[in-house]
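J.: First the structure, which I've put down as structure tokens, then a few questions once you've had a look.
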Amino acid sequence: MSQFLAACMVVLLAIAGPAAAEEMSKIPTARSESLELPGLTAGCHICEWRPKLNQMPAGEACGADDSGAARIGLFECGFSQDCQRECHFLHCGISEKTQ
């Protein structure tokens, strides 16, 4: 009887194995986005400047409102070639593109 069960298990695994593998291949894998560009040697990397618009307080450039809070400015933020985050002030106010 135990040999019969073992044989059944082998047959079930043989049938279900490829089907399970096919189902697993349909599961989306995590997408990895990197700002690094391939370097000339292993371990060497450079980040690429890919600016994105950000709204942040800009008290120095835009001043403060009546309540004393810094006014919002529009910044272009990204990563420099040495992979440090940088934000460059564009103008005061809120852009229609970021709403």
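Naming works like this for the structure tokens: A, B, ... for the chains as they're shown, residue 1 at the start of each chain, ligands 1 onward in shown order.
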Tell me which protein, DNA and RNA residues are within 6 Å of range 54-66 of chain A, counting only C-alpha atoms, leaving out same-chain ones fewer than 6 positions away, and put them as a ChimeraX atom specification.
T.: /A:72-75,92
J.: Just to be explicit: take each residue in the selection above, keep C-alpha atoms, and write the result as a PDB file, in the first residue's frame.
T.:
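The result, stored in again.pdb:
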```pdb
ATOM      1  CA  ILE A  72       5.993  76.869  -1.787  1.00  0.00           C
ATOM      2  CA  GLY A  73       8.457  76.810  -4.660  1.00  0.00           C
ATOM      3  CA  LEU A  74       8.901  74.473  -7.582  1.00  0.00           C
ATOM      4  CA  PHE A  75      12.185  72.558  -7.666  1.00  0.00           C
ATOM      5  CA  CYS A  92       7.821  80.396  -6.710  1.00  0.00           C
TER       6      CYS A  92
END
```
J.: How far is it from CA of Gln84 in chain A to CA of Cys47 in chain A, in Å with one decimal?
T.: 8.5 Å
J.: Counting only C-alpha atoms, which of A:His88, A:Gly93, A:Gln81, A:Gly68 gets nearest to Pro51 in chain A?
T.: A:His88
J.: Grab the CA of Ile46 in chain A to CA of Leu90 in chain A distance for me, in Å with one decimal place.
T.: 25.0 Å
J.: Go ahead and compute the interatomic distance for CA of Phe89 in chain A and CA of Ala70 in chain A, in Å to one decimal.
T.: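 Atom-to-atom, CA of Phe89 in chain A to CA of Ala70 in chain A, that is 14.1 Å.
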J.: Skipping near chain neighbours, those fewer than 6 positions away, what residues fall within 6 Å of Trp49 in chain A using only C-alpha atoms, listed as an NGL selection string?
T.: :A and (78-80)
J.: Could the residues in this selection be saved with C-alpha atoms as a compact mmCIF listing (two decimals), in the first residue's frame?
T.:
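The resulting file, result_33.txt, is shown below:
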```
# COMPACT_ATOMS: atom_id res chain seq x y z
CA GLY A 78 17.47 64.40 -9.20
CA PHE A 79 20.80 62.69 -8.56
CA SER A 80 24.18 64.09 -9.53
```
